>>> print(open('coords_30.cif').read())   # mmCIF, C-alpha atoms and all ligand atoms
data_model
#
loop_
_atom_site.label_atom_id
_atom_site.label_comp_id
_atom_site.auth_asym_id
_atom_site.auth_seq_id
_atom_site.Cartn_x
_atom_site.Cartn_y
_atom_site.Cartn_z
CA MET E 1 174.27 137.92 115.48
CA THR E 2 173.12 140.07 118.36
CA ASP E 3 169.76 141.37 119.42
CA SER E 4 169.16 143.74 122.30
CA LYS E 5 166.18 141.66 123.43
CA ASN E 6 166.26 139.36 126.45
CA ILE E 7 166.17 135.59 126.05
CA ALA E 8 165.15 133.11 128.76
CA PHE E 9 165.82 129.37 128.44
CA LEU E 10 163.47 127.53 130.80
CA GLY E 11 164.68 123.96 131.26
CA THR E 12 168.23 123.91 129.94
CA GLY E 13 169.31 120.33 129.36
CA ASN E 14 170.59 118.67 126.19
CA MET E 15 168.50 120.49 123.61
CA ASN E 16 167.99 123.94 125.11
CA GLY E 17 171.60 123.78 126.32
CA ALA E 18 172.74 123.22 122.71
CA ILE E 19 170.74 126.23 121.53
CA LEU E 20 171.98 128.32 124.46
CA ARG E 21 175.63 127.48 123.71
CA GLY E 22 175.05 128.36 120.05
CA VAL E 23 173.53 131.70 121.09
CA LEU E 24 176.57 132.47 123.27
CA SER E 25 178.98 131.47 120.45
CA ALA E 26 177.05 133.69 118.05
CA GLY E 27 177.83 136.69 120.24
CA PHE E 28 174.53 137.40 121.98
CA PRO E 29 175.47 139.39 125.10
CA SER E 30 175.42 137.21 128.23
CA GLU E 31 173.58 139.91 130.21
CA SER E 32 170.64 139.42 127.82
CA ILE E 33 170.38 135.68 128.59
CA ARG E 34 169.00 133.83 131.60
CA ALA E 35 168.39 130.15 132.11
CA THR E 36 166.65 127.79 134.50
CA THR E 37 167.01 124.10 135.34
CA ASN E 38 165.22 121.95 137.88
CA SER E 39 168.06 120.98 140.21
CA ALA E 40 170.50 123.26 141.98
CA ALA E 41 173.38 121.03 140.84
CA SER E 42 172.56 121.49 137.13
CA ALA E 43 172.01 125.23 137.62
CA GLN E 44 175.40 125.59 139.29
CA ALA E 45 177.18 123.54 136.62
CA LEU E 46 175.62 125.60 133.81
CA ALA E 47 176.31 128.91 135.58
CA GLU E 48 179.97 127.93 136.10
CA GLU E 49 180.35 126.87 132.47
CA THR E 50 178.64 129.89 130.90
CA GLY E 51 178.86 132.67 133.47
CA LEU E 52 175.11 133.18 133.09
CA ASP E 53 172.42 133.80 135.68
CA VAL E 54 170.97 130.28 136.05
CA GLN E 55 168.24 129.63 138.62
CA ALA E 56 167.01 126.24 139.84
CA ALA E 57 163.26 125.67 140.07
CA GLU E 58 163.65 123.24 143.00
CA THR E 59 165.27 125.91 145.20
CA ASN E 60 163.52 128.98 143.76
CA THR E 61 159.91 128.16 142.93
CA ALA E 62 159.56 131.52 141.14
CA ALA E 63 162.63 130.90 138.91
CA ASN E 64 160.70 130.23 135.70
CA ALA E 65 158.11 132.97 136.25
CA GLU E 66 160.82 135.55 137.05
CA ALA E 67 162.93 134.70 134.00
CA ALA E 68 159.84 134.74 131.78
CA ALA E 69 158.75 138.13 133.16
CA TRP E 70 162.11 139.60 132.10
CA ALA E 71 162.37 138.02 128.63
CA ASP E 72 161.23 138.94 125.12
CA VAL E 73 161.92 135.42 123.82
CA VAL E 74 161.17 132.51 126.17
CA VAL E 75 162.46 129.11 125.00
CA LEU E 76 160.87 126.14 126.78
CA GLY E 77 163.12 123.05 126.93
CA VAL E 78 161.65 120.83 129.64
CA LYS E 79 160.41 117.31 128.82
CA PRO E 80 157.19 117.21 126.78
CA LYS E 81 155.01 116.19 129.77
CA GLY E 82 156.08 119.36 131.61
CA ILE E 83 155.48 121.91 128.85
CA VAL E 84 151.82 122.78 129.48
CA ASP E 85 152.44 123.08 133.24
CA LEU E 86 155.37 125.37 132.52
CA CYS E 87 153.14 127.48 130.25
CA ARG E 88 150.66 127.80 133.15
CA GLU E 89 153.50 128.74 135.51
CA ILE E 90 154.71 131.63 133.32
CA ALA E 91 151.28 132.81 132.11
CA PRO E 92 150.71 135.40 134.87
CA THR E 93 154.11 137.10 134.43
CA LEU E 94 154.75 136.89 130.68
CA LYS E 95 155.68 140.28 129.18
CA PRO E 96 153.29 141.77 126.61
CA GLY E 97 154.95 141.26 123.22
CA ALA E 98 157.00 138.29 124.38
CA VAL E 99 157.13 135.20 122.20
CA VAL E 100 157.21 131.71 123.69
CA VAL E 101 159.03 128.94 121.80
CA SER E 102 158.75 125.25 122.66
CA VAL E 103 161.32 122.74 121.41
CA ALA E 104 159.34 119.81 122.87
CA ALA E 105 158.35 116.86 120.73
CA GLY E 106 154.65 116.04 120.56
CA VAL E 107 153.24 119.15 122.27
CA THR E 108 151.01 121.03 119.83
CA LEU E 109 150.37 124.77 119.66
CA ALA E 110 146.73 124.05 120.61
CA MET E 111 147.87 122.30 123.81
CA MET E 112 150.05 125.28 124.74
CA GLU E 113 147.27 127.74 123.84
CA GLN E 114 145.08 126.17 126.55
CA ALA E 115 147.53 127.58 129.10
CA LEU E 116 148.60 130.70 127.16
CA PRO E 117 145.54 131.70 125.10
CA GLU E 118 146.74 135.25 124.39
CA ALA E 119 150.41 134.51 123.70
CA ALA E 120 152.53 134.50 120.56
CA LEU E 121 153.72 130.88 120.39
CA VAL E 122 156.19 129.07 118.17
CA ARG E 123 156.62 125.30 118.02
CA CYS E 124 160.13 124.26 117.05
CA MET E 125 161.45 120.82 116.11
CA PRO E 126 165.24 120.77 116.37
CA ASN E 127 167.60 117.85 115.76
CA THR E 128 170.68 116.68 117.63
CA PRO E 129 173.42 118.22 115.40
CA SER E 130 172.20 121.49 116.99
CA ARG E 131 174.84 120.58 119.59
CA LEU E 132 177.48 121.40 116.95
CA GLN E 133 175.52 124.37 115.59
CA MET E 134 174.77 122.15 112.56
CA GLY E 135 171.14 121.41 113.36
CA VAL E 136 167.94 121.89 111.44
CA LEU E 137 165.32 123.70 113.49
CA SER E 138 161.79 124.08 112.16
CA VAL E 139 159.52 126.92 113.27
CA SER E 140 155.72 126.85 113.20
CA PRO E 141 154.14 130.03 114.61
CA ASN E 142 150.59 130.44 115.88
CA ALA E 143 148.35 133.20 114.51
CA ARG E 144 149.47 135.71 117.17
CA VAL E 145 153.12 135.76 116.11
CA ARG E 146 154.14 138.89 114.20
CA GLU E 147 156.87 138.74 111.53
CA ALA E 148 159.27 140.76 113.72
CA GLN E 149 158.79 138.26 116.56
CA LEU E 150 159.36 135.32 114.23
CA ALA E 151 162.53 136.98 112.89
CA ARG E 152 163.76 137.38 116.46
CA VAL E 153 163.04 133.70 117.19
CA ALA E 154 164.81 132.69 113.96
CA SER E 155 167.89 134.69 114.99
CA VAL E 156 168.01 132.88 118.35
CA LEU E 157 167.41 129.38 116.93
CA GLY E 158 169.66 130.11 113.95
CA ALA E 159 172.59 130.08 116.35
CA ALA E 160 172.13 126.27 116.53
CA GLY E 161 171.74 125.61 112.80
CA GLU E 162 169.48 126.28 109.86
CA VAL E 163 165.93 127.46 110.54
CA VAL E 164 163.09 126.38 108.26
CA ARG E 165 159.48 127.56 108.53
CA ILE E 166 156.75 124.95 108.06
CA PRO E 167 153.02 124.73 108.84
CA GLU E 168 152.50 122.86 112.11
CA GLU E 169 150.64 120.01 110.38
CA GLN E 170 153.89 119.11 108.55
CA ILE E 171 155.94 118.68 111.73
CA ASN E 172 155.52 114.90 111.88
CA ALA E 173 156.75 114.60 108.28
CA LEU E 174 159.72 116.80 109.18
CA ILE E 175 160.47 114.55 112.18
CA ALA E 176 160.60 111.59 109.74
CA VAL E 177 163.32 113.39 107.74
CA SER E 178 165.37 115.71 109.96
CA GLY E 179 164.16 115.12 113.54
CA SER E 180 164.95 111.42 113.65
CA GLY E 181 167.23 111.53 110.60
CA PRO E 182 170.58 111.79 112.40
CA ALA E 183 169.88 108.36 113.93
CA TYR E 184 169.34 106.90 110.45
CA ALA E 185 172.83 108.08 109.50
CA PHE E 186 174.21 106.53 112.71
CA TYR E 187 172.40 103.29 111.86
CA LEU E 188 173.97 103.29 108.38
CA ALA E 189 177.38 103.86 109.98
CA GLU E 190 176.81 100.93 112.35
CA ALA E 191 175.83 98.61 109.49
CA MET E 192 178.75 99.70 107.27
CA ALA E 193 181.22 99.23 110.12
CA ALA E 194 179.88 95.76 110.96
CA THR E 195 180.19 94.63 107.33
CA GLY E 196 183.71 96.04 107.07
CA ALA E 197 184.69 93.86 110.03
CA THR E 198 183.00 90.84 108.43
CA LEU E 199 185.00 91.49 105.27
CA GLY E 200 188.22 91.34 107.28
CA LEU E 201 188.96 94.86 108.58
CA ASP E 202 189.89 95.49 112.18
CA ALA E 203 186.57 96.37 113.92
CA ASP E 204 187.82 99.70 115.35
CA LEU E 205 189.30 100.72 112.01
CA SER E 206 186.08 99.79 110.24
CA ARG E 207 184.03 101.89 112.69
CA ARG E 208 186.37 104.85 112.13
CA LEU E 209 186.21 104.43 108.34
CA ALA E 210 182.40 104.39 108.39
CA ALA E 211 182.19 107.45 110.66
CA LEU E 212 184.73 109.48 108.66
CA THR E 213 183.03 108.50 105.42
CA LEU E 214 179.63 109.71 106.61
CA ARG E 215 181.24 112.88 107.94
CA GLY E 216 182.85 113.55 104.55
CA ALA E 217 179.69 112.69 102.62
CA GLY E 218 177.69 114.94 105.00
CA ALA E 219 180.07 117.83 104.33
CA MET E 220 179.66 117.32 100.57
CA LEU E 221 175.87 117.35 101.01
CA GLY E 222 176.25 120.59 102.96
CA GLU E 223 177.74 122.16 99.82
CA ASN E 224 175.26 120.54 97.41
CA ASP E 225 171.99 118.98 98.58
CA ASP E 226 171.40 117.15 95.27
CA ALA E 227 172.18 113.72 96.74
CA ALA E 228 171.27 111.86 93.53
CA ALA E 229 173.72 113.97 91.48
CA LEU E 230 176.51 113.42 94.02
CA ARG E 231 175.83 109.67 94.00
CA LYS E 232 175.74 109.46 90.19
CA ALA E 233 178.99 111.43 89.94
CA VAL E 234 180.82 108.66 91.86
CA THR E 235 179.04 105.68 90.28
CA SER E 236 180.73 104.33 87.11
CA PRO E 237 178.61 101.81 85.21
CA ASN E 238 179.44 98.27 86.33
CA GLY E 239 181.97 99.58 88.87
CA THR E 240 182.12 98.73 92.56
CA THR E 241 179.75 101.48 93.75
CA ASP E 242 177.30 100.60 90.98
CA LYS E 243 177.28 96.98 92.20
CA ALA E 244 176.47 98.10 95.75
CA ILE E 245 173.70 100.52 94.74
CA THR E 246 172.12 98.06 92.30
CA THR E 247 172.08 95.43 95.05
CA PHE E 248 170.47 97.92 97.49
CA ASP E 249 167.80 98.71 94.88
CA GLU E 250 167.14 95.05 94.06
CA LEU E 251 166.66 94.29 97.77
CA GLY E 252 164.15 97.16 98.11
CA MET E 253 166.25 99.49 100.26
CA ARG E 254 164.29 102.60 99.21
CA GLU E 255 161.03 100.90 100.17
CA ILE E 256 162.49 99.85 103.51
CA ILE E 257 163.58 103.44 104.22
CA ALA E 258 160.16 104.77 103.21
CA ARG E 259 158.35 102.32 105.53
CA GLY E 260 160.64 103.28 108.42
CA GLN E 261 160.04 107.00 107.89
CA GLU E 262 156.28 106.47 107.61
CA ALA E 263 156.35 104.55 110.89
CA CYS E 264 158.32 107.41 112.43
CA ALA E 265 155.74 110.03 111.33
CA ALA E 266 152.87 107.83 112.51
CA ARG E 267 154.51 107.41 115.93
CA ALA E 268 155.03 111.19 116.18
CA SER E 269 151.31 111.62 115.61
CA GLU E 270 150.47 108.96 118.24
CA ILE E 271 152.73 110.71 120.77
CA GLU E 272 150.79 113.95 120.20
CA GLN E 273 147.59 112.04 121.00
CA GLU E 274 149.14 110.47 124.11
CA LEU E 275 150.19 113.90 125.34
CA GLY E 276 146.64 115.16 124.89
CA GLY E 277 146.77 116.74 121.43
N1 LIG N 1 167.50 115.78 123.04
C1 LIG N 1 167.08 115.82 121.78
O1 LIG N 1 167.74 115.34 120.86
C2 LIG N 1 165.78 116.51 121.43
C3 LIG N 1 165.40 116.61 120.07
C4 LIG N 1 164.20 117.27 119.75
C5 LIG N 1 163.42 117.81 120.78
N2 LIG N 1 163.82 117.68 122.07
C6 LIG N 1 162.96 118.22 123.14
O2 LIG N 1 163.73 118.98 124.05
C7 LIG N 1 163.11 118.91 125.33
C8 LIG N 1 164.16 118.61 126.36
O3 LIG N 1 164.79 117.38 126.04
P1 LIG N 1 166.29 117.16 126.51
O4 LIG N 1 166.75 115.95 125.80
O5 LIG N 1 167.05 118.43 126.39
O6 LIG N 1 166.01 116.82 128.07
P2 LIG N 1 166.96 117.06 129.32
O7 LIG N 1 168.39 117.02 128.91
O8 LIG N 1 166.47 116.13 130.39
O9 LIG N 1 166.62 118.56 129.77
C9 LIG N 1 165.48 118.91 130.49
C10 LIG N 1 165.82 120.15 131.27
O10 LIG N 1 164.63 120.62 131.94
C11 LIG N 1 165.00 120.95 133.28
N3 LIG N 1 163.80 120.98 134.09
C12 LIG N 1 162.99 119.97 134.48
N4 LIG N 1 161.94 120.45 135.19
C13 LIG N 1 162.10 121.80 135.24
C14 LIG N 1 161.36 122.86 135.83
N5 LIG N 1 160.24 122.65 136.51
N6 LIG N 1 161.81 124.12 135.67
C15 LIG N 1 162.96 124.39 134.99
N7 LIG N 1 163.69 123.42 134.40
C16 LIG N 1 163.27 122.15 134.53
C17 LIG N 1 166.02 119.92 133.64
O11 LIG N 1 166.76 120.31 134.78
P3 LIG N 1 167.65 119.25 135.60
O12 LIG N 1 168.84 118.96 134.72
O13 LIG N 1 168.05 119.96 136.83
O14 LIG N 1 166.80 118.05 135.84
C18 LIG N 1 166.86 119.95 132.36
O15 LIG N 1 167.70 121.09 132.37
C19 LIG N 1 162.04 117.82 125.27
O16 LIG N 1 160.78 118.42 125.33
C20 LIG N 1 162.30 117.12 123.95
O17 LIG N 1 161.10 116.69 123.34
C21 LIG N 1 164.97 117.04 122.43
#
>>> encode(input="coords_30.cif", output="structure tokens")
Amino acid sequence: MTDSKNIAFLGTGNMNGAILRGVLSAGFPSESIRATTNSAASAQALAEETGLDVQAAETNTAANAEAAAWADVVVLGVKPKGIVDLCREIAPTLKPGAVVVSVAAGVTLAMMEQALPEAALVRCMPNTPSRLQMGVLSVSPNARVREAQLARVASVLGAAGEVVRIPEEQINALIAVSGSGPAYAFYLAEAMAATGATLGLDADLSRRLAALTLRGAGAMLGENDDAAALRKAVTSPNGTTDKAITTFDELGMREIIARGQEACAARASEIEQELGG
């Protein structure tokens, strides 16, 4: 997927770096991409890896403003506490028609609008499989975003996974499913591996079995997202899988998962408040 528009990644660490690498793999021309980091060392490492123009804010105080002035899509990937300051930094130079995307957790569109009242803004909530271009990235635009701008943003973010559009007020619910969800799968893998060792398997083998099993099950879910149908298809009445699932149900596993996800969404909302939302 290519687009002749310019893209600037401001703050290019784990998350923005994952999206940037996806964008490069998807064939966006490197001359249409610039990036910034804070330190000169990270800028140099990223420039050497990607061949891109990467500027460091600590050695060039105009790095973010200059990249923003050049770009049609500006993707903000600094830590949440730095997002509003970064919006203020780029406000004077932002191109008319540019769209600003934030991938930061907990920073609302209203908080960004205080610094960029006239701008087209999109709040995005990605998840960590974006690193493998297998992420889920939500987009919530403000009222100033035109459909063509949103399509351009979706083509950039789509290089890191699947893009879904949701109203901003649903972001905390989305965090409870896809944002924090990869860690739930890792937690399940940890628990399965530990039990395998308790049942007599070599601990390393058990860890590998759990990881490969979740990888395979994840790939099957990628083909068919009807998890209940997939589960029922491999559950013979009174068989081994049936015994496990019935035990999970009797012990209230679904309730436990629901309480955990509710706590996750509630914490996401608290973090917004702590950040000034
Ligand atoms: N990691 C995740 O799984 C994840 C998931 C969802 C959302 N997010 C969001 O993604 C954002 C970044 O998280 P991360 O995990 O990617 O953090 P990170 O790896 O620490 O990346 C932060 C980046 O910002 C750079 N930076 C700091 N101050 C800067 C400045 N003034 N100008 C330009 N660049 C600056 C850092 O440069 P240096 O390397 O030189 O310090 C680094 O490249 C956060 O807002 C977070 O909420 C992350």
>>> closest_atom_pairs(input="coords_30.cif", of="chain E", to="ligand LIG 1 (chain N)", cutoff="7 Å", atoms="all atoms listed in the file", output="tab-separated table")
residue	atom	partner	partner_atom	distance
E:Leu10	CA	N:LIG1	C15	5.3
E:Gly11	CA	N:LIG1	N7	3.3
E:Thr12	CA	N:LIG1	O15	3.8
E:Gly13	CA	N:LIG1	O9	3.2
E:Asn14	CA	N:LIG1	O5	3.6
E:Met15	CA	N:LIG1	O5	3.8
E:Asn16	CA	N:LIG1	O5	5.7
E:Thr36	CA	N:LIG1	C15	5.0
E:Thr37	CA	N:LIG1	N7	3.5
E:Asn38	CA	N:LIG1	O13	3.6
E:Ser39	CA	N:LIG1	O13	3.5
E:Ala40	CA	N:LIG1	O13	6.6
E:Ala41	CA	N:LIG1	O13	6.8
E:Ser42	CA	N:LIG1	O13	4.8
E:Ala43	CA	N:LIG1	O13	6.6
E:Ala56	CA	N:LIG1	C15	6.6
E:Ala57	CA	N:LIG1	N6	4.9
E:Asn64	CA	N:LIG1	N6	6.2
E:Gly77	CA	N:LIG1	C7	4.4
E:Val78	CA	N:LIG1	O10	3.8
E:Lys79	CA	N:LIG1	O16	3.7
E:Pro80	CA	N:LIG1	O16	4.1
E:Gly82	CA	N:LIG1	N4	7.0
E:Leu86	CA	N:LIG1	N5	6.9
E:Val103	CA	N:LIG1	C6	5.1
E:Ala104	CA	N:LIG1	O16	3.2
E:Ala105	CA	N:LIG1	O17	3.8
E:Met125	CA	N:LIG1	C4	5.8
E:Pro126	CA	N:LIG1	C4	5.0
E:Asn127	CA	N:LIG1	C3	5.0
E:Thr128	CA	N:LIG1	O1	4.6
E:Gly179	CA	N:LIG1	C4	6.6
>>> residues_around(input="coords_30.cif", residues="E:Met111", least_positions_apart="4", cutoff="12 Å", atoms="all atoms listed in the file", output="MDAnalysis selection string")
chainID E and resid 80:88 102 104 106:107 115:117 121 123 142 272:277
>>> closest_residue(input="coords_30.cif", among="E:Ala91, E:Ala176, E:Ile171, E:Ala183", to="E:Arg259", atoms="all atoms listed in the file")
E:Ala176
>>> residues_around(input="coords_30.cif", residues="E:Val145", least_positions_apart="3", cutoff="8 Å", atoms="all atoms listed in the file", output="compact mmCIF listing (two decimals) with C-alpha atoms, in the coordinates of the input")
# COMPACT_ATOMS: atom_id res chain seq x y z
CA VAL E 99 157.13 135.20 122.20
CA ALA E 120 152.53 134.50 120.56
CA LEU E 121 153.72 130.88 120.39
CA VAL E 122 156.19 129.07 118.17
CA PRO E 141 154.14 130.03 114.61
CA ASN E 142 150.59 130.44 115.88
CA GLN E 149 158.79 138.26 116.56
CA LEU E 150 159.36 135.32 114.23
>>> residues_around(input="coords_30.cif", residues="E:Ala151", least_positions_apart="4", cutoff="12 Å", atoms="all atoms listed in the file", output="PyMOL selection string")
chain E and resi 3+73+99+122+139+141+145-147+155-158+163-165
